[in-house]
Amino acid sequence: MSSPMKYSYTLWSPSDTVRDVAESLGIVNLPEDVAKALAMDIEYRINELLEQATKFMKHSKRTNLTTADISHALRVLNVEPLYGYDSTRPLRFREAILGPGQTLYYIDDDEVDFEKIINMPLPKVPREVSLTAHWLAIEGVQPAIPQNPLPAESRTSMATVSGSTSAEVEVKPLVKHALSKELQLYFERVVAVLTEDSSTATMKNAVLNSLGNDPGLHQLIPYFIQFVAEKIRLNLKDASMLYLMLQVLHRLLTNPTIFIEPYIHSVMPPILTLLVGKRLGSSQSSKEEHYKVRDFAASLLQQVCAQYGDTYHTLKPRVTRTLLKAFMDSSKSVGTQYGALSGLRAIGPEVIRVLVLSNLKDWAVVISSASSVTEEDKSRLGLAVLEALRSLIDPEFAAIDEVSDTEKENFKEFVGPEVAKLVQEVDDFEAIVKAVLDSQKFS
């Protein structure tokens, strides 16, 4: 006789298991061939499930099969997953003695009251995961936005980490700007020569030459700029000191070994202060001294705008806005308006062509009718206007032919009789008229 077909490779009896499940469902006297067929199908399904679960385990770079792998495999096979099994929860096995030599191990599951679970309030729906980009810091400065911590919170967290209270914590800068003793001595000597009355002109010239040519002074730039700004603020009545401080800035700007570009935002306030300041120099000093200071400040402004205007795109517009506001304000002093007009001319002829020419006629009417403006001041403002108009002349296309009467009338109508009379008295009258009329065509 041939041996019966082996239909199971497991240690347990599938047919007995199927028969037990059938009896628990109320099916008795299950035929043997039906139990065997069901057992073989169940064993095939279990093997297929384990193969899929093993794939998930291997792709997860693990060696232990978890209930999560079984759940993923059930989903792949389009079977509803098992609920209530969590691989993170430790399994607690208990032992039950069925008889002599028969021990059954089972998982000790907690009994759950479904009525209690059904009546429990539903948890809040979690928010969807989203990503938002924001600036943590811009050029070393932390922007004040809700995503970033407040400075007070940062100090509190630092104090908490160190184990002390916030009152005992001293917040120090991350970067320590340490100067060598040689640089400290150099700075002290330079400041002493520039500020002491006993210093001779030869000593001051030597210091200025050193600032304009010596290498290795990059670490001292913020200190020199702060020194110049402080001296200008405290010595607005001393025209000679103001001129000397502008010379210091000029030497720093022209030193080829110094990279002063990051400090331009600190250089501009002292220059603009001396350009549009209400009153420079003492009442005993001559007016020529404060005009000399303003002219020097205008030349420095021209140098800064020409050299760094392309790097800092907002430099020229901001300076132009400040100077034009001072120029058009009739309540400002003559010195302020002179400095503003000189500064606008220093920025470039395009500013004169677009902004000054269109407002020159009304401005001249206000100045000529102002009783507080002396003839000497009007003459000084007239010289500033002439220099501004001369900046429009193109050297390559300077006027050679004489100006016709029609062009003279158009010029007078455009700039006003006051400015026209002023321009007619200079030698380059024709060139100025041609340049202004050409600018009027392109404006």
# chains A, B, ... in the order shown; residues from 1 in each chain; ligands from 1
call {"tool": "select_by_dssp", "arguments": {"residues": "range 57-266 of chain A", "states": "strand (DSSP E)", "output": "PyMOL selection string"}}
result
chain A and resi 93-99+102-107
call {"tool": "write_last_selection", "arguments": {"atoms": "all heavy atoms", "output": "compact mmCIF listing (two decimals), in the first residue's frame"}}
result
# COMPACT_ATOMS: atom_id res chain seq x y z
N PHE A 93 3.57 36.93 28.21
CA PHE A 93 3.06 35.56 28.06
C PHE A 93 2.74 34.96 29.44
O PHE A 93 3.48 35.16 30.40
CB PHE A 93 4.09 34.67 27.36
CG PHE A 93 4.27 35.03 25.91
CD1 PHE A 93 5.24 35.94 25.51
CD2 PHE A 93 3.44 34.47 24.95
CE1 PHE A 93 5.39 36.26 24.19
CE2 PHE A 93 3.61 34.78 23.61
CZ PHE A 93 4.58 35.69 23.22
N ARG A 94 1.63 34.23 29.48
CA ARG A 94 1.25 33.52 30.70
C ARG A 94 1.18 32.01 30.40
O ARG A 94 1.05 31.59 29.25
CB ARG A 94 -0.08 34.02 31.23
CG ARG A 94 -0.01 35.43 31.82
CD ARG A 94 -1.30 35.81 32.49
NE ARG A 94 -1.21 37.11 33.12
CZ ARG A 94 -0.72 37.34 34.34
NH1 ARG A 94 -0.31 36.30 35.09
NH2 ARG A 94 -0.68 38.55 34.83
N GLU A 95 1.29 31.25 31.43
CA GLU A 95 1.36 29.78 31.29
C GLU A 95 0.11 29.15 31.87
O GLU A 95 -0.36 29.53 32.95
CB GLU A 95 2.61 29.27 32.01
CG GLU A 95 2.79 27.76 31.93
CD GLU A 95 4.02 27.30 32.69
OE1 GLU A 95 4.73 28.19 33.23
OE2 GLU A 95 4.26 26.10 32.74
N ALA A 96 -0.43 28.22 31.11
CA ALA A 96 -1.62 27.48 31.57
C ALA A 96 -1.34 25.98 31.46
O ALA A 96 -0.85 25.51 30.43
CB ALA A 96 -2.84 27.86 30.75
N ILE A 97 -1.64 25.23 32.53
CA ILE A 97 -1.43 23.78 32.57
C ILE A 97 -2.73 23.09 32.18
O ILE A 97 -3.76 23.23 32.86
CB ILE A 97 -0.96 23.32 33.97
CG1 ILE A 97 0.29 24.11 34.40
CG2 ILE A 97 -0.69 21.83 33.96
CD1 ILE A 97 1.48 23.94 33.48
N LEU A 98 -2.65 22.43 31.04
CA LEU A 98 -3.84 21.71 30.59
C LEU A 98 -3.92 20.30 31.15
O LEU A 98 -5.01 19.73 31.28
CB LEU A 98 -3.86 21.66 29.06
CG LEU A 98 -3.89 23.01 28.34
CD1 LEU A 98 -3.90 22.79 26.84
CD2 LEU A 98 -5.09 23.83 28.78
N GLY A 99 -2.78 19.73 31.47
CA GLY A 99 -2.75 18.35 31.96
C GLY A 99 -1.30 17.96 32.19
O GLY A 99 -0.37 18.76 32.03
N GLN A 102 1.32 18.86 29.48
CA GLN A 102 0.70 19.73 28.48
C GLN A 102 0.63 21.16 29.04
O GLN A 102 -0.13 21.44 29.95
CB GLN A 102 -0.69 19.23 28.12
CG GLN A 102 -0.72 17.87 27.44
CD GLN A 102 -2.10 17.44 27.05
OE1 GLN A 102 -3.07 18.14 27.33
NE2 GLN A 102 -2.21 16.29 26.40
N THR A 103 1.48 22.02 28.47
CA THR A 103 1.57 23.43 28.91
C THR A 103 1.19 24.32 27.74
O THR A 103 1.67 24.13 26.61
CB THR A 103 2.99 23.77 29.38
OG1 THR A 103 3.37 22.84 30.40
CG2 THR A 103 3.03 25.18 29.92
N LEU A 104 0.33 25.29 28.01
CA LEU A 104 -0.13 26.23 26.99
C LEU A 104 0.31 27.64 27.40
O LEU A 104 0.05 28.08 28.52
CB LEU A 104 -1.65 26.17 26.83
CG LEU A 104 -2.26 27.18 25.85
CD1 LEU A 104 -1.78 26.89 24.43
CD2 LEU A 104 -3.79 27.15 25.92
N TYR A 105 0.96 28.33 26.46
CA TYR A 105 1.39 29.72 26.69
C TYR A 105 0.49 30.64 25.88
O TYR A 105 0.23 30.39 24.69
CB TYR A 105 2.84 29.92 26.28
CG TYR A 105 3.83 29.14 27.13
CD1 TYR A 105 4.24 27.87 26.74
CD2 TYR A 105 4.32 29.68 28.31
CE1 TYR A 105 5.14 27.15 27.50
CE2 TYR A 105 5.21 28.96 29.09
CZ TYR A 105 5.62 27.70 28.68
OH TYR A 105 6.52 27.01 29.45
N TYR A 106 0.02 31.68 26.49
CA TYR A 106 -0.88 32.62 25.82
C TYR A 106 -0.51 34.04 26.25
O TYR A 106 0.15 34.27 27.26
CB TYR A 106 -2.34 32.31 26.17
CG TYR A 106 -2.68 32.52 27.64
CD1 TYR A 106 -3.23 33.73 28.08
CD2 TYR A 106 -2.44 31.51 28.58
CE1 TYR A 106 -3.53 33.92 29.42
CE2 TYR A 106 -2.74 31.70 29.91
CZ TYR A 106 -3.27 32.91 30.32
OH TYR A 106 -3.56 33.10 31.64
N ILE A 107 -0.94 34.97 25.41
CA ILE A 107 -0.65 36.39 25.69
C ILE A 107 -1.73 36.93 26.62
O ILE A 107 -2.93 36.73 26.39
CB ILE A 107 -0.63 37.20 24.38
CG1 ILE A 107 0.46 36.66 23.45
CG2 ILE A 107 -0.40 38.68 24.65
CD1 ILE A 107 0.47 37.34 22.09
call {"tool": "atom_distance", "arguments": {"atom1": "CA of Leu315 in chain A", "atom2": "CA of Val228 in chain A"}}
result
20.6 Å
call {"tool": "closest_residue", "arguments": {"among": "A:Thr63, A:Thr17, A:Ser331, A:Asn410", "to": "Leu38 in chain A", "atoms": "only C-alpha atoms"}}
result
A:Thr17
call {"tool": "residues_around", "arguments": {"residues": "range 293-309 of chain A", "least_positions_apart": "2", "cutoff": "7 Å", "atoms": "only C-alpha atoms", "output": "list in words"}}
result
Tyr243, Leu246, His250, Ile271, Leu274, Leu275, Glu289, His290, Tyr291, Thr311, Tyr312, His313, Leu315, Lys316, Gly339, Ser342, Gly343, Ala346 and Ile347 of chain A
call {"tool": "closest_residue", "arguments": {"among": "A:Met245, A:Ile232, A:Ser199, A:Pro222", "to": "Ile260 in chain A", "atoms": "only C-alpha atoms"}}
result
A:Pro222
call {"tool": "residues_around", "arguments": {"residues": "Leu220 in chain A", "least_positions_apart": "6", "cutoff": "9 Å", "atoms": "only C-alpha atoms", "output": "list in words"}}
result
Leu179, Leu183, Gln184 and Phe187 of chain A
call {"tool": "write_last_selection", "arguments": {"atoms": "C-alpha atoms", "output": "PDB file, in the first residue's frame"}}
result
ATOM      1  CA  LEU A 179      43.561  94.136  19.046  1.00  0.00           C
ATOM      2  CA  LEU A 183      47.550  98.430  17.007  1.00  0.00           C
ATOM      3  CA  GLN A 184      46.262  99.812  20.296  1.00  0.00           C
ATOM      4  CA  PHE A 187      45.455 104.125  17.517  1.00  0.00           C
TER       5      PHE A 187
END
call {"tool": "closest_residue", "arguments": {"among": "A:Met268, A:Ala53, A:Leu389, A:Leu253", "to": "Asn213 in chain A", "atoms": "only C-alpha atoms"}}
result
A:Leu253
call {"tool": "atom_distance", "arguments": {"atom1": "CA of Glu288 in chain A", "atom2": "CA of Ala239 in chain A"}}
result
10.0 Å
call {"tool": "closest_atom_pairs", "arguments": {"of": "range 66-119 of chain A", "to": "range 57-61 of chain A", "cutoff": "12 Å", "atoms": "only C-alpha atoms", "output": "tab-separated table"}}
result
residue	atom	partner	partner_atom	distance
A:Thr66	CA	A:Met57	CA	7.8
A:Thr67	CA	A:Met57	CA	10.3
A:Ala68	CA	A:Met57	CA	9.2
A:Asp69	CA	A:Met57	CA	6.3
A:Ile70	CA	A:Met57	CA	9.4
A:Ser71	CA	A:Met57	CA	11.7
A:His72	CA	A:Met57	CA	10.1
A:Ala73	CA	A:Met57	CA	10.3
call {"tool": "write_last_selection", "arguments": {"atoms": "N, CA and C atoms", "output": "JSON list (two decimals), in the first residue's frame"}}
result
[["chain", "number", "residue", "atom", "x", "y", "z"],
["A", 66, "THR", "N", 8.24, 41.92, 12.80],
["A", 66, "THR", "CA", 7.34, 42.60, 13.74],
["A", 66, "THR", "C", 5.91, 42.52, 13.23],
["A", 67, "THR", "N", 5.01, 42.91, 14.13],
["A", 67, "THR", "CA", 3.59, 42.92, 13.73],
["A", 67, "THR", "C", 3.33, 43.97, 12.66],
["A", 68, "ALA", "N", 4.15, 45.02, 12.61],
["A", 68, "ALA", "CA", 3.98, 46.02, 11.56],
["A", 68, "ALA", "C", 4.24, 45.41, 10.19],
["A", 69, "ASP", "N", 5.22, 44.52, 10.10],
["A", 69, "ASP", "CA", 5.48, 43.84, 8.83],
["A", 69, "ASP", "C", 4.29, 42.99, 8.41],
["A", 70, "ILE", "N", 3.68, 42.31, 9.37],
["A", 70, "ILE", "CA", 2.49, 41.50, 9.06],
["A", 70, "ILE", "C", 1.35, 42.39, 8.58],
["A", 71, "SER", "N", 1.17, 43.55, 9.20],
["A", 71, "SER", "CA", 0.09, 44.45, 8.80],
["A", 71, "SER", "C", 0.32, 44.97, 7.39],
["A", 72, "HIS", "N", 1.58, 45.34, 7.07],
["A", 72, "HIS", "CA", 1.89, 45.81, 5.71],
["A", 72, "HIS", "C", 1.64, 44.70, 4.69],
["A", 73, "ALA", "N", 2.03, 43.47, 5.05],
["A", 73, "ALA", "CA", 1.82, 42.35, 4.13],
["A", 73, "ALA", "C", 0.34, 42.10, 3.88]]
call {"tool": "residues_around", "arguments": {"residues": "Ala22 in chain A", "least_positions_apart": "6", "cutoff": "12 Å", "atoms": "only C-alpha atoms", "output": "list in words"}}
result
Ser15, Asp16, Val28, Asn29, Leu30, Pro31, Val34, Ala35, Leu38 and Ala39 of chain A
call {"tool": "residues_around", "arguments": {"residues": "range 46-50 of chain A", "least_positions_apart": "4", "cutoff": "7 Å", "atoms": "only C-alpha atoms", "output": "CSV table (one decimal) with N, CA, C and O atoms, in the first residue's frame"}}
result
chain,number,residue,atom,x,y,z
A,42,ILE,N,-5.2,27.2,3.9
A,42,ILE,CA,-4.8,28.1,5.0
A,42,ILE,C,-3.2,28.1,5.1
A,42,ILE,O,-2.6,29.2,5.2
A,54,THR,N,8.4,39.1,5.3
A,54,THR,CA,9.8,39.1,5.3
A,54,THR,C,10.4,40.1,4.3
A,54,THR,O,11.5,40.6,4.6
A,73,ALA,N,2.0,43.5,5.1
A,73,ALA,CA,1.8,42.4,4.1
A,73,ALA,C,0.3,42.1,3.9
A,73,ALA,O,-0.1,41.8,2.7
A,74,LEU,N,-0.5,42.2,4.9
A,74,LEU,CA,-1.9,42.1,4.8
A,74,LEU,C,-2.5,43.1,3.8
A,74,LEU,O,-3.4,42.8,3.0
call {"tool": "residues_around", "arguments": {"residues": "Lys287 in chain A", "least_positions_apart": "6", "cutoff": "12 Å", "atoms": "only C-alpha atoms", "output": "PyMOL selection string"}}
result
chain A and resi 239+279-281+293-294+334-335+376-377+380
call {"tool": "select_by_dssp", "arguments": {"residues": "range 185-413 of chain A", "states": "alpha helix (DSSP H)", "output": "ChimeraX atom specification"}}
result
/A:185-195,201-213,221-234,239-254,264-276,287-308,315-328,334-347,349-351,357-369,375-390,405-413
call {"tool": "write_last_selection", "arguments": {"atoms": "C-alpha atoms", "output": "short mmCIF file (atom, residue, chain, number, x, y, z; two decimals), in the first residue's frame"}}
result
data_model
loop_
_atom_site.label_atom_id
_atom_site.label_comp_id
_atom_site.auth_asym_id
_atom_site.auth_seq_id
_atom_site.Cartn_x
_atom_site.Cartn_y
_atom_site.Cartn_z
CA LEU A 185 49.38 101.96 20.66
CA TYR A 186 49.11 103.11 17.04
CA PHE A 187 45.45 104.12 17.52
CA GLU A 188 46.22 106.03 20.71
CA ARG A 189 49.11 107.91 19.07
CA VAL A 190 47.03 108.83 16.02
CA VAL A 191 44.15 110.09 18.16
CA ALA A 192 46.55 112.10 20.31
CA VAL A 193 48.16 113.81 17.33
CA LEU A 194 44.78 114.64 15.74
CA THR A 195 43.18 116.03 18.90
CA ALA A 201 50.94 120.57 10.93
CA THR A 202 53.91 118.34 10.07
CA MET A 203 52.84 115.75 12.62
CA LYS A 204 49.23 115.79 11.39
CA ASN A 205 50.35 115.39 7.76
CA ALA A 206 52.52 112.43 8.79
CA VAL A 207 49.55 110.80 10.51
CA LEU A 208 47.31 111.37 7.48
CA ASN A 209 49.93 109.91 5.15
CA SER A 210 50.19 106.87 7.41
CA LEU A 211 46.40 106.36 7.34
CA GLY A 212 46.38 106.61 3.57
CA ASN A 213 49.27 104.24 2.83
CA ILE A 221 38.63 100.87 10.69
CA PRO A 222 35.52 100.69 12.96
CA TYR A 223 37.44 102.45 15.72
CA PHE A 224 38.58 105.28 13.42
CA ILE A 225 35.09 105.72 11.98
CA GLN A 226 33.59 105.86 15.47
CA PHE A 227 36.28 108.35 16.49
CA VAL A 228 35.53 110.59 13.49
CA ALA A 229 31.77 110.46 14.09
CA GLU A 230 32.22 111.34 17.76
CA LYS A 231 34.56 114.24 17.01
CA ILE A 232 32.20 115.67 14.40
CA ARG A 233 29.28 115.46 16.80
CA LEU A 234 31.16 117.27 19.55
CA ALA A 239 35.57 124.20 11.32
CA SER A 240 39.25 123.25 11.35
CA MET A 241 38.55 120.06 13.34
CA LEU A 242 35.68 119.16 11.01
CA TYR A 243 37.94 119.57 7.98
CA LEU A 244 40.60 117.45 9.65
CA MET A 245 38.11 114.65 10.33
CA LEU A 246 37.06 114.69 6.68
CA GLN A 247 40.71 114.33 5.76
CA VAL A 248 40.89 111.22 7.96
CA LEU A 249 37.90 109.72 6.14
CA HIS A 250 39.44 110.63 2.80
CA ARG A 251 42.69 108.87 3.69
CA LEU A 252 40.84 105.75 4.82
CA LEU A 253 38.80 105.69 1.62
CA THR A 254 41.88 106.04 -0.59
CA ILE A 264 30.19 102.44 4.14
CA HIS A 265 26.92 102.59 6.11
CA SER A 266 28.94 104.03 9.02
CA VAL A 267 30.88 106.48 6.85
CA MET A 268 27.82 108.16 5.31
CA PRO A 269 26.28 109.80 8.46
CA PRO A 270 29.35 111.97 9.23
CA ILE A 271 29.60 113.06 5.59
CA LEU A 272 25.91 113.97 5.35
CA THR A 273 26.07 115.78 8.69
CA LEU A 274 28.77 118.09 7.40
CA LEU A 275 27.02 118.46 4.07
CA VAL A 276 23.56 119.58 5.25
CA LYS A 287 31.84 131.85 6.12
CA GLU A 288 34.45 130.56 3.72
CA GLU A 289 35.52 127.95 6.27
CA HIS A 290 32.16 126.20 6.53
CA TYR A 291 31.69 126.37 2.74
CA LYS A 292 35.09 124.75 2.40
CA VAL A 293 34.01 121.96 4.75
CA ARG A 294 30.79 121.40 2.76
CA ASP A 295 32.69 121.28 -0.54
CA PHE A 296 35.08 118.71 0.88
CA ALA A 297 32.15 116.62 2.17
CA ALA A 298 30.56 116.79 -1.30
CA SER A 299 33.78 115.52 -2.88
CA LEU A 300 33.86 112.58 -0.44
CA LEU A 301 30.21 111.84 -1.24
CA GLN A 302 31.07 111.80 -4.95
CA GLN A 303 33.93 109.39 -4.28
CA VAL A 304 31.77 107.03 -2.20
CA CYS A 305 28.89 106.99 -4.70
CA ALA A 306 31.20 106.44 -7.65
CA GLN A 307 33.11 103.62 -5.96
CA TYR A 308 30.37 101.82 -4.01
CA LEU A 315 22.90 104.11 -1.49
CA LYS A 316 22.30 106.71 -4.20
CA PRO A 317 18.48 106.76 -3.94
CA ARG A 318 18.54 107.21 -0.18
CA VAL A 319 21.17 109.96 -0.25
CA THR A 320 19.39 111.69 -3.14
CA ARG A 321 16.08 111.65 -1.26
CA THR A 322 17.72 113.19 1.82
CA LEU A 323 19.53 115.93 -0.11
CA LEU A 324 16.54 116.82 -2.30
CA LYS A 325 14.35 117.21 0.78
CA ALA A 326 16.88 119.60 2.33
CA PHE A 327 17.28 121.51 -0.96
CA MET A 328 13.54 122.10 -1.46
CA VAL A 334 21.60 128.83 3.28
CA GLY A 335 24.46 126.54 4.26
CA THR A 336 22.15 123.52 4.28
CA GLN A 337 20.76 124.33 0.82
CA TYR A 338 24.26 124.97 -0.51
CA GLY A 339 25.47 121.64 0.83
CA ALA A 340 22.39 119.82 -0.49
CA LEU A 341 22.87 121.26 -3.98
CA SER A 342 26.59 120.45 -3.91
CA GLY A 343 25.79 116.90 -2.81
CA LEU A 344 23.22 116.43 -5.58
CA ARG A 345 25.79 117.61 -8.12
CA ALA A 346 28.32 115.17 -6.66
CA ILE A 347 25.99 112.20 -7.12
CA PRO A 349 24.46 114.83 -13.72
CA GLU A 350 21.43 112.56 -14.02
CA VAL A 351 20.19 113.77 -10.63
CA LEU A 357 16.12 121.34 -13.19
CA SER A 358 12.40 120.70 -12.77
CA ASN A 359 12.41 122.46 -9.37
CA LEU A 360 15.04 125.13 -10.03
CA LYS A 361 12.65 127.85 -11.20
CA ASP A 362 10.40 127.69 -8.12
CA TRP A 363 13.39 127.40 -5.81
CA ALA A 364 15.03 130.52 -7.30
CA VAL A 365 11.84 132.54 -6.84
CA VAL A 366 11.69 131.62 -3.14
CA ILE A 367 15.38 132.41 -2.55
CA SER A 368 15.26 135.77 -4.36
CA SER A 369 12.19 136.90 -2.42
CA GLU A 375 23.36 139.19 -1.04
CA GLU A 376 26.52 137.34 -0.10
CA ASP A 377 24.55 134.17 0.55
CA LYS A 378 22.65 134.58 -2.73
CA SER A 379 25.95 134.91 -4.55
CA ARG A 380 27.22 131.72 -2.92
CA LEU A 381 24.06 129.83 -3.85
CA GLY A 382 24.36 131.20 -7.38
CA LEU A 383 27.84 129.71 -7.67
CA ALA A 384 26.47 126.35 -6.52
CA VAL A 385 23.71 126.55 -9.15
CA LEU A 386 26.27 127.34 -11.88
CA GLU A 387 28.41 124.36 -10.89
CA ALA A 388 25.34 122.14 -10.95
CA LEU A 389 24.40 123.33 -14.44
CA ARG A 390 27.99 122.96 -15.68
CA ASP A 405 17.21 134.42 -29.32
CA THR A 406 14.61 131.66 -29.37
CA GLU A 407 16.88 129.36 -27.37
CA LYS A 408 17.52 132.16 -24.89
CA GLU A 409 13.80 132.66 -24.40
CA ASN A 410 13.22 128.95 -23.97
CA PHE A 411 16.04 128.76 -21.45
CA LYS A 412 14.67 131.73 -19.51
CA GLU A 413 11.19 130.23 -19.52
#
call {"tool": "atom_distance", "arguments": {"atom1": "CA of Pro215 in chain A", "atom2": "CA of Asp310 in chain A"}}
result
25.6 Å
call {"tool": "decode", "arguments": {"residues": "range 99-119 of chain A", "atoms": "N, CA, C and O atoms", "output": "PDB file, in the first residue's frame"}}
result
ATOM      1  N   GLY A  99      -2.777  19.726  31.471  1.00  0.00           N
ATOM      2  CA  GLY A  99      -2.746  18.350  31.962  1.00  0.00           C
ATOM      3  C   GLY A  99      -1.296  17.957  32.187  1.00  0.00           C
ATOM      4  O   GLY A  99      -0.374  18.757  32.029  1.00  0.00           O
ATOM      5  N   PRO A 100      -1.089  16.701  32.538  1.00  0.00           N
ATOM      6  CA  PRO A 100       0.290  16.275  32.762  1.00  0.00           C
ATOM      7  C   PRO A 100       1.105  16.354  31.468  1.00  0.00           C
ATOM      8  O   PRO A 100       0.765  15.734  30.466  1.00  0.00           O
ATOM      9  N   GLY A 101       2.150  17.237  31.524  1.00  0.00           N
ATOM     10  CA  GLY A 101       3.029  17.399  30.374  1.00  0.00           C
ATOM     11  C   GLY A 101       2.463  18.251  29.272  1.00  0.00           C
ATOM     12  O   GLY A 101       3.047  18.332  28.187  1.00  0.00           O
ATOM     13  N   GLN A 102       1.320  18.860  29.484  1.00  0.00           N
ATOM     14  CA  GLN A 102       0.704  19.730  28.482  1.00  0.00           C
ATOM     15  C   GLN A 102       0.634  21.157  29.037  1.00  0.00           C
ATOM     16  O   GLN A 102      -0.134  21.435  29.954  1.00  0.00           O
ATOM     17  N   THR A 103       1.481  22.017  28.467  1.00  0.00           N
ATOM     18  CA  THR A 103       1.570  23.426  28.909  1.00  0.00           C
ATOM     19  C   THR A 103       1.189  24.322  27.741  1.00  0.00           C
ATOM     20  O   THR A 103       1.669  24.132  26.607  1.00  0.00           O
ATOM     21  N   LEU A 104       0.331  25.287  28.007  1.00  0.00           N
ATOM     22  CA  LEU A 104      -0.128  26.235  26.986  1.00  0.00           C
ATOM     23  C   LEU A 104       0.306  27.644  27.399  1.00  0.00           C
ATOM     24  O   LEU A 104       0.055  28.083  28.516  1.00  0.00           O
ATOM     25  N   TYR A 105       0.965  28.330  26.456  1.00  0.00           N
ATOM     26  CA  TYR A 105       1.389  29.717  26.690  1.00  0.00           C
ATOM     27  C   TYR A 105       0.488  30.638  25.879  1.00  0.00           C
ATOM     28  O   TYR A 105       0.232  30.392  24.692  1.00  0.00           O
ATOM     29  N   TYR A 106       0.017  31.680  26.493  1.00  0.00           N
ATOM     30  CA  TYR A 106      -0.878  32.623  25.823  1.00  0.00           C
ATOM     31  C   TYR A 106      -0.505  34.044  26.250  1.00  0.00           C
ATOM     32  O   TYR A 106       0.152  34.270  27.265  1.00  0.00           O
ATOM     33  N   ILE A 107      -0.942  34.968  25.415  1.00  0.00           N
ATOM     34  CA  ILE A 107      -0.653  36.391  25.687  1.00  0.00           C
ATOM     35  C   ILE A 107      -1.732  36.926  26.622  1.00  0.00           C
ATOM     36  O   ILE A 107      -2.927  36.734  26.389  1.00  0.00           O
ATOM     37  N   ASP A 108      -1.267  37.608  27.643  1.00  0.00           N
ATOM     38  CA  ASP A 108      -2.182  38.173  28.635  1.00  0.00           C
ATOM     39  C   ASP A 108      -2.702  39.508  28.117  1.00  0.00           C
ATOM     40  O   ASP A 108      -2.056  40.549  28.265  1.00  0.00           O
ATOM     41  N   ASP A 109      -3.830  39.482  27.465  1.00  0.00           N
ATOM     42  CA  ASP A 109      -4.437  40.706  26.956  1.00  0.00           C
ATOM     43  C   ASP A 109      -5.353  41.311  28.001  1.00  0.00           C
ATOM     44  O   ASP A 109      -6.018  40.594  28.752  1.00  0.00           O
ATOM     45  N   ASP A 110      -5.388  42.638  28.001  1.00  0.00           N
ATOM     46  CA  ASP A 110      -6.273  43.347  28.921  1.00  0.00           C
ATOM     47  C   ASP A 110      -7.694  43.322  28.381  1.00  0.00           C
ATOM     48  O   ASP A 110      -7.932  43.459  27.174  1.00  0.00           O
ATOM     49  N   GLU A 111      -8.634  43.161  29.298  1.00  0.00           N
ATOM     50  CA  GLU A 111     -10.026  43.207  28.898  1.00  0.00           C
ATOM     51  C   GLU A 111     -10.453  44.657  28.698  1.00  0.00           C
ATOM     52  O   GLU A 111     -10.150  45.529  29.521  1.00  0.00           O
ATOM     53  N   VAL A 112     -11.099  44.908  27.591  1.00  0.00           N
ATOM     54  CA  VAL A 112     -11.508  46.260  27.221  1.00  0.00           C
ATOM     55  C   VAL A 112     -13.024  46.326  27.199  1.00  0.00           C
ATOM     56  O   VAL A 112     -13.688  45.454  26.619  1.00  0.00           O
ATOM     57  N   ASP A 113     -13.571  47.349  27.850  1.00  0.00           N
ATOM     58  CA  ASP A 113     -15.010  47.573  27.866  1.00  0.00           C
ATOM     59  C   ASP A 113     -15.369  48.416  26.641  1.00  0.00           C
ATOM     60  O   ASP A 113     -15.007  49.603  26.545  1.00  0.00           O
ATOM     61  N   PHE A 114     -16.071  47.819  25.678  1.00  0.00           N
ATOM     62  CA  PHE A 114     -16.383  48.519  24.437  1.00  0.00           C
ATOM     63  C   PHE A 114     -17.319  49.697  24.679  1.00  0.00           C
ATOM     64  O   PHE A 114     -17.219  50.725  24.003  1.00  0.00           O
ATOM     65  N   GLU A 115     -18.225  49.571  25.624  1.00  0.00           N
ATOM     66  CA  GLU A 115     -19.135  50.680  25.897  1.00  0.00           C
ATOM     67  C   GLU A 115     -18.373  51.902  26.395  1.00  0.00           C
ATOM     68  O   GLU A 115     -18.670  53.044  26.027  1.00  0.00           O
ATOM     69  N   LYS A 116     -17.351  51.651  27.203  1.00  0.00           N
ATOM     70  CA  LYS A 116     -16.539  52.761  27.710  1.00  0.00           C
ATOM     71  C   LYS A 116     -15.759  53.421  26.581  1.00  0.00           C
ATOM     72  O   LYS A 116     -15.626  54.654  26.523  1.00  0.00           O
ATOM     73  N   ILE A 117     -15.243  52.589  25.678  1.00  0.00           N
ATOM     74  CA  ILE A 117     -14.468  53.152  24.560  1.00  0.00           C
ATOM     75  C   ILE A 117     -15.382  53.927  23.614  1.00  0.00           C
ATOM     76  O   ILE A 117     -15.029  55.009  23.122  1.00  0.00           O
ATOM     77  N   ILE A 118     -16.576  53.401  23.347  1.00  0.00           N
ATOM     78  CA  ILE A 118     -17.498  54.075  22.440  1.00  0.00           C
ATOM     79  C   ILE A 118     -17.952  55.411  22.993  1.00  0.00           C
ATOM     80  O   ILE A 118     -18.110  56.397  22.256  1.00  0.00           O
ATOM     81  N   ASN A 119     -18.155  55.513  24.296  1.00  0.00           N
ATOM     82  CA  ASN A 119     -18.634  56.753  24.912  1.00  0.00           C
ATOM     83  C   ASN A 119     -17.536  57.772  25.170  1.00  0.00           C
ATOM     84  O   ASN A 119     -17.832  58.897  25.570  1.00  0.00           O
TER      85      ASN A 119
END
